[in-house]
Amino acid sequence: MTETTTAGASAEAARGPTAGPGTTTITMTVNATTRHLELEPRTTLAEALRDALDLTGTKLACDRGACAACTVWLNGRPVCSCMMLAIDADGQAVTTIEGLAQGEALHPVQEAFIEHDALQCGFCTPGMVMSSAALLERNPQPDAEAVRDALAGHYCRCGTYPHVVAAVLAAAERK
Amino acid sequence: MSGTRTETFPAGIVETGLGTVTREIPASEPPPWPPNAELTWIGRPVPRLNGRAKVTGATRYTVDVRLPGMLYACFLRSPLPSAELRRLDTAAAAALAGVRAILPLAQPGDRLRYAGQPVVAVAGVSPRAAAEALAAIDAEFRPLPFVVDMDEARAPDAPAVHDAASAPQGHPSGFPAAPGLPLEGNVRGPAVVRRGDPAQGLAAAAVVVEGEYRTQVHTHACLEPHAVVADWRAEGLTVYISTQFTAGVRQELATAFGLPLSRVRVVVDGMGGGFGSKSQLGVYGRVAVQLSRAAGAPVRLAFDRQEEQTDAGNRPGTFQRLSLGATQDGTLTALAIESFGTAGVAVGAGIGFFAERLYSCANFETRQHDVFVNAGPGCAMRGPGNTPGAFALEQAIDTLSERLQLDPLALRDRIDPSAVRREERRIGAERIGWSRRHPPGADDGPVKRGIGVAQSLWMSNVQTNVACEVRILRDGSVEALSSVQDIGTGIGTIMAQVVAEVLGLRPADVTIRIGDTEFPPGGPSYGSRTTASITPPLRTAATRALAQLTREAARMLNAAPDEIEACGGRLQVRADPSRFLAFRDAAALLRTDRVSAVESRLDDYAGFRRRMPDAAMAHEDLGGVQFAAVAVDTETGAIRVERVVAVHDCGRPMNKLLLESQVEGGVLMGVSYALLERRIMDRRTGLMVNADLEHYKLAGIHDTPEIETVILENLQGNSATDAYGIAEPANIATAPAIANAVYNAIGVRLTALPMTPDAVLAALGRSGRS
């Protein structure tokens, strides 16, 4: 469902030097599929993913960029999706936790998270997995300190950090 | 079914001193299990079965539930710490197009007692429609005097937070606080526990240690906020809620709304952390149902982070004054503690039974007080009472050992009657390198290192109102059912291990159906009791379901049913395994599509020490010992916890991997409590200053020490699985172990939490050691 229903004027017509307050059309490639969304410009990327696209694997915990639970990839780089507007992702490629596995085949980070029990309640896990997988893209052989640096912005209240480090190192070996 | 039989169980610590114990048990109980080494799945590090759903984002948490036509609700909350509601007009809000229901929770003239207290709830077609409705509500608040600081609240002339009518009354069980205690000003209590004569014991002591300790208010900070989706329909009520206790919430709903239990269903799939704060229905849960009934549509109500930090519970802060007396050989002659704690507008800020039970001491007294302040209500949090209690007592014991010139472990060997903890101290000392421990301040240079130890104590709790069902289907598939919820411990995986062990299958062969009150009552996930409560009846149910299959297989194999065993995916003749049926082929012989058995939790074989409605306490000796190694930078005041060794026991360990996760989680919450977290209230405005995750500091990955977990297999022959809990014991000892290590590093004692760099520098400055 969308946050609001489309207002009278077409979204295209509303486009111009300024957008809003009504909805506007935003086009993103989400998990390799092109999506056209009618959204108010104030909609965050996290809200667009969760509410407009029902991609609820992306979690909101602090809504202020302090916990990184909402981490997705924007053009391959991890970002806090609560800290950017969807309109700023217009024309760009977003990858969410739902798009990380290749069909039935899990990403090595996902497999390692399961094997090493790098999750408990699991609420921070999608964000942790996205940052960990991004780390292995830019540094395929990180040491433990590099893993900790990459995940320094993530909060886990259950305390999975030791298992997370072990999992990411194991995934790097497997990859 | 009736009658009893006598069985001999393995008993003792498997690693060091296994013996036996003979029990008379109900005849219907399955035979004793041997130690884990002789079992196939129990104790093994089986990865959690719902892991795939969690790492792919497929798990649906309550905040992810979307129902057709669902409305979004939110609260107008009091902006002031103490106020009278003067005017409330919701007409303009009700007239807005997107608004579907408005529910006032206070009337003009009512008093509001903390900033963030709910005043009005609204439901609208979108989150923004609901937020706009809040803005359209005309509410006027008259400020009243308030107090948010516990010390100020104790003063005789402090503004009264409660009157006799509004003050919480406590509970007959004594938790969160005893009933019938006097209230004077903002101070309620004392609740007194006494044995012997502490004054005489202190007078007779060769050494007396006195100390004052403070612990801060600590918020649960669950990453998934408190959230509910209520769906009121003519045929019944369905509530999706992020809860630690589906069956309990169902009971609360039935009572609150006058519904038969059969018309109330409570569901939770993914559950994003509770730590004690999601044990009840709560105001928000009740309000969501009322709004759904009023609007005729499902209603979603989820807290934002500020609400989560201010009105979702917290661990109460405490002040403790402690006197400890001992003879020269360390024997305790007296222990007296007076405590004042604050759970905001609620009660339950005591220091638990830690001091009462941990050490032998004939002369003992605690006088525990609740102090009301104008702040959000506290509630249970991971080892309630005992966690702040341990911070004080375990430091006092450390101080006593120094005064007696006794090693802290040797002193505990003398005064701690637990043979299990003695073994845990021995193992932990070896792993942490206790023999290399230096006297305080021995390191050259500004960074000083130290090692400390502290102990844990908790109850072996059991929910007796628990049942499990096991089904075997004719295609050979298997289901295990319980309303129990997985709050992150992996209870579903443990259930699958139990059923697989009995049926001779693999855990992945067992479909787990939990988190739904349509299934047999599963008990709560609090009080470290879930595994102890669920697994014995589950094993018995699996045994009974298997018996139905075995009957069919025995006929086919020309054997007696008691000659058949289930193992390796087969039903086979024990004496001649070449005569077998595959489990699936045996299931195909069933007369109906499925057979099933439901079993409920029996009493522990050795009985219970205390009974409560629906629950019981087997003993108060569940514990563990933790050692911490720290580095303290005496120039910056920064404490770094470098290593923690956590040695714990929980009866029969069910899953090594999940237990390690639980212990690491407990330790990390303890590190965070010790060094970082603190609710900060502004004395001038009465508002919480750090009601977010940016200024309220949680331990992150860089704050994480190396954690070594050792779990003893401590068999007692107490139930069909002999398993107990670990989540709370794992948290209780961490902060005092760190505090004792800090003292060992710098020779200055930090008696208040959190031990922040400024506190370290101030303490060093006072001592002249900086």
# chains A, B, ... in the order shown; residues from 1 in each chain; ligands from 1
>>> select_by_dssp(residues="segment 58-131 of chain B", states="strand (DSSP E)", output="PyMOL selection string")
chain B and resi 71-77+83-89+99-104+111-112+118-124
>>> write_last_selection(atoms="N, CA and C atoms", output="PDB file, in the first residue's frame")
ATOM      1  N   LEU B  71      -5.784   0.203  10.282  1.00  0.00           N
ATOM      2  CA  LEU B  71      -5.606   1.597  10.696  1.00  0.00           C
ATOM      3  C   LEU B  71      -4.329   1.724  11.515  1.00  0.00           C
ATOM      4  N   TYR B  72      -3.882   2.962  11.641  1.00  0.00           N
ATOM      5  CA  TYR B  72      -2.646   3.245  12.380  1.00  0.00           C
ATOM      6  C   TYR B  72      -2.989   4.130  13.576  1.00  0.00           C
ATOM      7  N   ALA B  73      -2.505   3.717  14.733  1.00  0.00           N
ATOM      8  CA  ALA B  73      -2.837   4.457  15.951  1.00  0.00           C
ATOM      9  C   ALA B  73      -1.591   5.072  16.570  1.00  0.00           C
ATOM     10  N   CYS B  74      -1.810   6.150  17.299  1.00  0.00           N
ATOM     11  CA  CYS B  74      -0.727   6.720  18.106  1.00  0.00           C
ATOM     12  C   CYS B  74      -1.332   7.476  19.283  1.00  0.00           C
ATOM     13  N   PHE B  75      -0.443   7.849  20.211  1.00  0.00           N
ATOM     14  CA  PHE B  75      -0.866   8.495  21.450  1.00  0.00           C
ATOM     15  C   PHE B  75      -0.540   9.980  21.448  1.00  0.00           C
ATOM     16  N   LEU B  76      -1.459  10.768  21.992  1.00  0.00           N
ATOM     17  CA  LEU B  76      -1.076  12.082  22.520  1.00  0.00           C
ATOM     18  C   LEU B  76      -0.601  11.818  23.938  1.00  0.00           C
ATOM     19  N   ARG B  77       0.592  12.333  24.253  1.00  0.00           N
ATOM     20  CA  ARG B  77       1.187  12.039  25.559  1.00  0.00           C
ATOM     21  C   ARG B  77       1.397  13.326  26.339  1.00  0.00           C
ATOM     22  N   ALA B  83       1.164  17.143  35.848  1.00  0.00           N
ATOM     23  CA  ALA B  83       0.227  18.135  35.312  1.00  0.00           C
ATOM     24  C   ALA B  83      -1.192  17.722  35.621  1.00  0.00           C
ATOM     25  N   GLU B  84      -2.056  18.721  35.618  1.00  0.00           N
ATOM     26  CA  GLU B  84      -3.491  18.452  35.629  1.00  0.00           C
ATOM     27  C   GLU B  84      -3.991  18.692  34.216  1.00  0.00           C
ATOM     28  N   LEU B  85      -4.768  17.764  33.718  1.00  0.00           N
ATOM     29  CA  LEU B  85      -5.391  17.975  32.409  1.00  0.00           C
ATOM     30  C   LEU B  85      -6.544  18.949  32.603  1.00  0.00           C
ATOM     31  N   ARG B  86      -6.416  20.132  32.022  1.00  0.00           N
ATOM     32  CA  ARG B  86      -7.437  21.159  32.246  1.00  0.00           C
ATOM     33  C   ARG B  86      -8.558  21.081  31.215  1.00  0.00           C
ATOM     34  N   ARG B  87      -8.169  20.893  29.965  1.00  0.00           N
ATOM     35  CA  ARG B  87      -9.169  20.899  28.903  1.00  0.00           C
ATOM     36  C   ARG B  87      -8.781  19.845  27.877  1.00  0.00           C
ATOM     37  N   LEU B  88      -9.788  19.178  27.363  1.00  0.00           N
ATOM     38  CA  LEU B  88      -9.526  18.188  26.318  1.00  0.00           C
ATOM     39  C   LEU B  88     -10.679  18.253  25.324  1.00  0.00           C
ATOM     40  N   ASP B  89     -10.362  18.664  24.098  1.00  0.00           N
ATOM     41  CA  ASP B  89     -11.393  18.778  23.061  1.00  0.00           C
ATOM     42  C   ASP B  89     -10.882  18.062  21.817  1.00  0.00           C
ATOM     43  N   VAL B  99      -9.493  10.214  10.065  1.00  0.00           N
ATOM     44  CA  VAL B  99      -9.552   9.722  11.445  1.00  0.00           C
ATOM     45  C   VAL B  99     -10.704   8.734  11.606  1.00  0.00           C
ATOM     46  N   ARG B 100     -10.451   7.610  12.267  1.00  0.00           N
ATOM     47  CA  ARG B 100     -11.474   6.573  12.394  1.00  0.00           C
ATOM     48  C   ARG B 100     -11.906   6.317  13.834  1.00  0.00           C
ATOM     49  N   ALA B 101     -11.061   6.645  14.795  1.00  0.00           N
ATOM     50  CA  ALA B 101     -11.459   6.444  16.194  1.00  0.00           C
ATOM     51  C   ALA B 101     -10.595   7.303  17.099  1.00  0.00           C
ATOM     52  N   ILE B 102     -11.218   7.799  18.157  1.00  0.00           N
ATOM     53  CA  ILE B 102     -10.490   8.582  19.155  1.00  0.00           C
ATOM     54  C   ILE B 102     -10.876   8.056  20.523  1.00  0.00           C
ATOM     55  N   LEU B 103      -9.876   7.847  21.369  1.00  0.00           N
ATOM     56  CA  LEU B 103     -10.125   7.277  22.687  1.00  0.00           C
ATOM     57  C   LEU B 103      -9.406   8.099  23.754  1.00  0.00           C
ATOM     58  N   PRO B 104     -10.153   8.916  24.498  1.00  0.00           N
ATOM     59  CA  PRO B 104      -9.498   9.643  25.591  1.00  0.00           C
ATOM     60  C   PRO B 104      -9.116   8.674  26.711  1.00  0.00           C
ATOM     61  N   ARG B 111      -4.997  13.899  36.989  1.00  0.00           N
ATOM     62  CA  ARG B 111      -3.590  14.230  37.169  1.00  0.00           C
ATOM     63  C   ARG B 111      -2.719  13.300  36.316  1.00  0.00           C
ATOM     64  N   LEU B 112      -1.724  13.859  35.677  1.00  0.00           N
ATOM     65  CA  LEU B 112      -0.772  13.086  34.866  1.00  0.00           C
ATOM     66  C   LEU B 112       0.561  13.101  35.586  1.00  0.00           C
ATOM     67  N   PRO B 118       0.272   8.448  28.416  1.00  0.00           N
ATOM     68  CA  PRO B 118      -0.751   8.560  27.368  1.00  0.00           C
ATOM     69  C   PRO B 118      -1.981   9.336  27.849  1.00  0.00           C
ATOM     70  N   VAL B 119      -2.485  10.205  26.973  1.00  0.00           N
ATOM     71  CA  VAL B 119      -3.652  11.029  27.310  1.00  0.00           C
ATOM     72  C   VAL B 119      -4.819  10.715  26.374  1.00  0.00           C
ATOM     73  N   VAL B 120      -4.516  10.620  25.092  1.00  0.00           N
ATOM     74  CA  VAL B 120      -5.539  10.299  24.093  1.00  0.00           C
ATOM     75  C   VAL B 120      -4.911   9.350  23.071  1.00  0.00           C
ATOM     76  N   ALA B 121      -5.698   8.394  22.588  1.00  0.00           N
ATOM     77  CA  ALA B 121      -5.249   7.552  21.483  1.00  0.00           C
ATOM     78  C   ALA B 121      -6.130   7.814  20.272  1.00  0.00           C
ATOM     79  N   VAL B 122      -5.515   7.860  19.108  1.00  0.00           N
ATOM     80  CA  VAL B 122      -6.296   8.047  17.879  1.00  0.00           C
ATOM     81  C   VAL B 122      -5.903   6.979  16.866  1.00  0.00           C
ATOM     82  N   ALA B 123      -6.856   6.639  16.010  1.00  0.00           N
ATOM     83  CA  ALA B 123      -6.579   5.715  14.910  1.00  0.00           C
ATOM     84  C   ALA B 123      -6.987   6.384  13.608  1.00  0.00           C
ATOM     85  N   GLY B 124      -6.088   6.336  12.634  1.00  0.00           N
ATOM     86  CA  GLY B 124      -6.360   6.935  11.336  1.00  0.00           C
ATOM     87  C   GLY B 124      -5.952   6.008  10.214  1.00  0.00           C
TER      88      GLY B 124
END
>>> residues_around(residues="segment 345-361 of chain B", least_positions_apart="6", cutoff="6 Å", atoms="only C-alpha atoms", output="PyMOL selection string")
chain B and resi 176-177+316+332+368+370+372-373+377+385-386+389+415-416
>>> write_last_selection(atoms="N, CA, C and O atoms", output="JSON list (two decimals), in the first residue's frame")
[["chain", "number", "residue", "atom", "x", "y", "z"],
["B", 176, "PRO", "N", 6.05, -7.34, 41.49],
["B", 176, "PRO", "CA", 7.34, -6.65, 41.62],
["B", 176, "PRO", "C", 7.59, -6.06, 43.00],
["B", 176, "PRO", "O", 8.71, -5.69, 43.30],
["B", 177, "ALA", "N", 6.54, -5.96, 43.84],
["B", 177, "ALA", "CA", 6.75, -5.45, 45.20],
["B", 177, "ALA", "C", 5.67, -6.06, 46.09],
["B", 177, "ALA", "O", 4.59, -6.43, 45.62],
["B", 316, "PRO", "N", 14.86, -0.30, 37.22],
["B", 316, "PRO", "CA", 14.91, 0.77, 38.21],
["B", 316, "PRO", "C", 16.33, 1.04, 38.69],
["B", 316, "PRO", "O", 17.17, 0.14, 38.74],
["B", 332, "LEU", "N", 31.09, -14.96, 57.62],
["B", 332, "LEU", "CA", 30.26, -13.76, 57.71],
["B", 332, "LEU", "C", 29.46, -13.79, 59.01],
["B", 332, "LEU", "O", 28.78, -14.78, 59.32],
["B", 368, "GLN", "N", 14.13, -2.77, 52.08],
["B", 368, "GLN", "CA", 14.07, -2.27, 50.70],
["B", 368, "GLN", "C", 12.90, -1.31, 50.55],
["B", 368, "GLN", "O", 11.78, -1.60, 50.96],
["B", 370, "ASP", "N", 10.80, 1.49, 47.87],
["B", 370, "ASP", "CA", 10.53, 2.09, 46.56],
["B", 370, "ASP", "C", 10.38, 3.59, 46.75],
["B", 370, "ASP", "O", 9.72, 4.04, 47.70],
["B", 372, "PHE", "N", 9.01, 6.90, 44.70],
["B", 372, "PHE", "CA", 8.32, 7.35, 43.49],
["B", 372, "PHE", "C", 8.94, 8.63, 42.96],
["B", 372, "PHE", "O", 9.26, 9.55, 43.73],
["B", 373, "VAL", "N", 9.12, 8.71, 41.65],
["B", 373, "VAL", "CA", 9.48, 9.96, 40.99],
["B", 373, "VAL", "C", 8.58, 10.11, 39.76],
["B", 373, "VAL", "O", 7.93, 9.15, 39.32],
["B", 377, "PRO", "N", 7.14, 4.24, 34.13],
["B", 377, "PRO", "CA", 7.19, 3.08, 35.01],
["B", 377, "PRO", "C", 8.30, 2.10, 34.67],
["B", 377, "PRO", "O", 8.53, 1.79, 33.50],
["B", 385, "GLY", "N", 16.17, -6.94, 40.21],
["B", 385, "GLY", "CA", 16.54, -6.98, 41.62],
["B", 385, "GLY", "C", 17.95, -7.51, 41.82],
["B", 385, "GLY", "O", 18.84, -6.81, 42.30],
["B", 386, "ASN", "N", 18.17, -8.74, 41.41],
["B", 386, "ASN", "CA", 19.47, -9.35, 41.67],
["B", 386, "ASN", "C", 20.61, -8.66, 40.91],
["B", 386, "ASN", "O", 21.75, -8.67, 41.37],
["B", 389, "GLY", "N", 21.47, -5.67, 42.87],
["B", 389, "GLY", "CA", 21.91, -6.23, 44.15],
["B", 389, "GLY", "C", 23.32, -6.80, 44.07],
["B", 389, "GLY", "O", 24.14, -6.63, 44.98],
["B", 415, "ILE", "N", 32.57, -19.03, 52.19],
["B", 415, "ILE", "CA", 31.23, -18.54, 52.56],
["B", 415, "ILE", "C", 30.13, -18.93, 51.58],
["B", 415, "ILE", "O", 28.95, -18.74, 51.86],
["B", 416, "ASP", "N", 30.51, -19.46, 50.41],
["B", 416, "ASP", "CA", 29.50, -19.85, 49.41],
["B", 416, "ASP", "C", 29.26, -21.35, 49.52],
["B", 416, "ASP", "O", 30.16, -22.14, 49.24]]
>>> atom_distance(atom1="atom CA of Asn714 of chain B", atom2="atom CA of Asp621 of chain B")
12.0 Å
>>> interface_residues(of="chain A", to="chain B", cutoff="9 Å", atoms="only C-alpha atoms", output="PyMOL selection string")
chain A and resi 3-4+50+54-67+69+96-101+106+109-111+113-126+129+145+148-149+151-163+165
>>> select_by_dssp(residues="segment 56-136 of chain A", states="alpha helix (DSSP H)", output="number ranges by chain")
A: 108-115, 125-136
>>> atom_distance(atom1="atom CA of Leu753 of chain B", atom2="atom CA of Ala312 of chain B")
21.4 Å
>>> residues_around(residues="segment 253-263 of chain B", least_positions_apart="4", cutoff="8 Å", atoms="only C-alpha atoms", output="ChimeraX atom specification")
/B:235-237,249,281,286
>>> write_last_selection(atoms="all heavy atoms", output="PDB file, in the first residue's frame")
ATOM      1  N   GLU B 235     -16.711 -12.582  15.387  1.00  0.00           N
ATOM      2  CA  GLU B 235     -16.462 -13.984  15.734  1.00  0.00           C
ATOM      3  C   GLU B 235     -15.328 -14.158  16.751  1.00  0.00           C
ATOM      4  O   GLU B 235     -15.106 -15.244  17.249  1.00  0.00           O
ATOM      5  CB  GLU B 235     -16.183 -14.812  14.477  1.00  0.00           C
ATOM      6  CG  GLU B 235     -14.958 -14.401  13.691  1.00  0.00           C
ATOM      7  CD  GLU B 235     -15.237 -13.339  12.624  1.00  0.00           C
ATOM      8  OE1 GLU B 235     -16.202 -12.556  12.788  1.00  0.00           O
ATOM      9  OE2 GLU B 235     -14.476 -13.275  11.642  1.00  0.00           O
ATOM     10  N   GLY B 236     -14.633 -13.076  17.013  1.00  0.00           N
ATOM     11  CA  GLY B 236     -13.571 -13.191  18.008  1.00  0.00           C
ATOM     12  C   GLY B 236     -12.475 -12.170  17.774  1.00  0.00           C
ATOM     13  O   GLY B 236     -12.451 -11.486  16.757  1.00  0.00           O
ATOM     14  N   LEU B 237     -11.586 -12.097  18.739  1.00  0.00           N
ATOM     15  CA  LEU B 237     -10.514 -11.105  18.728  1.00  0.00           C
ATOM     16  C   LEU B 237      -9.187 -11.787  18.410  1.00  0.00           C
ATOM     17  O   LEU B 237      -8.837 -12.793  19.039  1.00  0.00           O
ATOM     18  CB  LEU B 237     -10.438 -10.442  20.118  1.00  0.00           C
ATOM     19  CG  LEU B 237      -9.236  -9.560  20.422  1.00  0.00           C
ATOM     20  CD1 LEU B 237      -9.234  -8.320  19.530  1.00  0.00           C
ATOM     21  CD2 LEU B 237      -9.242  -9.153  21.899  1.00  0.00           C
ATOM     22  N   VAL B 249      -1.028 -12.881  27.674  1.00  0.00           N
ATOM     23  CA  VAL B 249      -1.731 -11.756  27.056  1.00  0.00           C
ATOM     24  C   VAL B 249      -3.157 -12.166  26.692  1.00  0.00           C
ATOM     25  O   VAL B 249      -4.107 -11.398  26.847  1.00  0.00           O
ATOM     26  CB  VAL B 249      -0.954 -11.257  25.815  1.00  0.00           C
ATOM     27  CG1 VAL B 249      -1.792 -10.303  24.987  1.00  0.00           C
ATOM     28  CG2 VAL B 249       0.346 -10.579  26.261  1.00  0.00           C
ATOM     29  N   LEU B 281       0.165  -7.353  28.578  1.00  0.00           N
ATOM     30  CA  LEU B 281      -0.620  -6.701  27.529  1.00  0.00           C
ATOM     31  C   LEU B 281      -0.285  -5.214  27.444  1.00  0.00           C
ATOM     32  O   LEU B 281      -0.128  -4.665  26.350  1.00  0.00           O
ATOM     33  CB  LEU B 281      -2.113  -6.894  27.839  1.00  0.00           C
ATOM     34  CG  LEU B 281      -3.112  -6.150  26.962  1.00  0.00           C
ATOM     35  CD1 LEU B 281      -3.015  -6.611  25.510  1.00  0.00           C
ATOM     36  CD2 LEU B 281      -4.539  -6.361  27.487  1.00  0.00           C
ATOM     37  N   ARG B 286      -4.155  -2.855  25.264  1.00  0.00           N
ATOM     38  CA  ARG B 286      -5.587  -2.707  25.554  1.00  0.00           C
ATOM     39  C   ARG B 286      -6.205  -1.624  24.672  1.00  0.00           C
ATOM     40  O   ARG B 286      -7.296  -1.785  24.118  1.00  0.00           O
ATOM     41  CB  ARG B 286      -5.751  -2.365  27.037  1.00  0.00           C
ATOM     42  CG  ARG B 286      -7.185  -2.295  27.521  1.00  0.00           C
ATOM     43  CD  ARG B 286      -7.256  -2.166  29.046  1.00  0.00           C
ATOM     44  NE  ARG B 286      -6.407  -1.118  29.611  1.00  0.00           N
ATOM     45  CZ  ARG B 286      -6.708   0.184  29.564  1.00  0.00           C
ATOM     46  NH1 ARG B 286      -7.815   0.603  28.997  1.00  0.00           N
ATOM     47  NH2 ARG B 286      -5.884   1.071  30.099  1.00  0.00           N
TER      48      ARG B 286
END
>>> closest_residue(among="B:Ser2, B:Glu7, B:Leu105, B:Phe519", to="Ser28 of chain B", atoms="only C-alpha atoms")
B:Ser2
>>> residues_around(residues="segment 37-41 of chain A", least_positions_apart="3", cutoff="7 Å", atoms="only C-alpha atoms", output="ChimeraX atom specification")
/A:6,19-27,87
>>> decode(residues="segment 65-85 of chain A", atoms="N, CA and C atoms", output="short mmCIF file (atom, residue, chain, number, x, y, z; two decimals), in the first residue's frame")
data_model
loop_
_atom_site.label_atom_id
_atom_site.label_comp_id
_atom_site.auth_asym_id
_atom_site.auth_seq_id
_atom_site.Cartn_x
_atom_site.Cartn_y
_atom_site.Cartn_z
N GLY A 65 19.24 7.02 12.12
CA GLY A 65 20.60 6.71 11.70
C GLY A 65 21.55 6.35 12.81
N ALA A 66 21.02 5.96 13.97
CA ALA A 66 21.90 5.64 15.10
C ALA A 66 22.13 4.14 15.27
N CYS A 67 21.32 3.30 14.63
CA CYS A 67 21.41 1.87 14.90
C CYS A 67 21.70 1.02 13.67
N ALA A 68 21.47 1.58 12.47
CA ALA A 68 21.79 0.92 11.20
C ALA A 68 20.96 -0.33 10.90
N ALA A 69 19.89 -0.54 11.65
CA ALA A 69 19.03 -1.70 11.36
C ALA A 69 18.41 -1.60 9.97
N CYS A 70 18.30 -0.38 9.44
CA CYS A 70 17.61 -0.14 8.17
C CYS A 70 18.56 -0.17 6.98
N THR A 71 19.77 -0.70 7.17
CA THR A 71 20.78 -0.64 6.11
C THR A 71 20.35 -1.39 4.84
N VAL A 72 20.43 -0.68 3.72
CA VAL A 72 20.24 -1.30 2.39
C VAL A 72 21.42 -0.83 1.53
N TRP A 73 21.51 -1.36 0.34
CA TRP A 73 22.55 -0.88 -0.58
C TRP A 73 21.94 0.12 -1.54
N LEU A 74 22.63 1.23 -1.74
CA LEU A 74 22.27 2.18 -2.78
C LEU A 74 23.42 2.15 -3.78
N ASN A 75 23.14 1.65 -4.94
CA ASN A 75 24.18 1.45 -5.95
C ASN A 75 25.35 0.66 -5.36
N GLY A 76 25.01 -0.32 -4.55
CA GLY A 76 26.03 -1.22 -4.02
C GLY A 76 26.68 -0.76 -2.73
N ARG A 77 26.37 0.46 -2.29
CA ARG A 77 26.99 0.94 -1.05
C ARG A 77 25.97 0.95 0.08
N PRO A 78 26.37 0.52 1.28
CA PRO A 78 25.40 0.49 2.38
C PRO A 78 25.01 1.90 2.83
N VAL A 79 23.71 2.11 3.01
CA VAL A 79 23.19 3.38 3.52
C VAL A 79 22.11 3.08 4.54
N CYS A 80 21.90 4.03 5.45
CA CYS A 80 20.75 3.95 6.35
C CYS A 80 19.53 4.46 5.60
N SER A 81 18.59 3.57 5.34
CA SER A 81 17.45 3.98 4.51
C SER A 81 16.48 4.87 5.27
N CYS A 82 16.65 4.98 6.59
CA CYS A 82 15.79 5.91 7.35
C CYS A 82 16.32 7.34 7.23
N MET A 83 17.54 7.48 6.74
CA MET A 83 18.19 8.79 6.74
C MET A 83 18.21 9.42 5.36
N MET A 84 17.55 8.79 4.39
CA MET A 84 17.45 9.45 3.09
C MET A 84 16.02 9.37 2.59
N LEU A 85 15.67 10.36 1.79
CA LEU A 85 14.34 10.37 1.21
C LEU A 85 14.31 9.47 -0.02
#
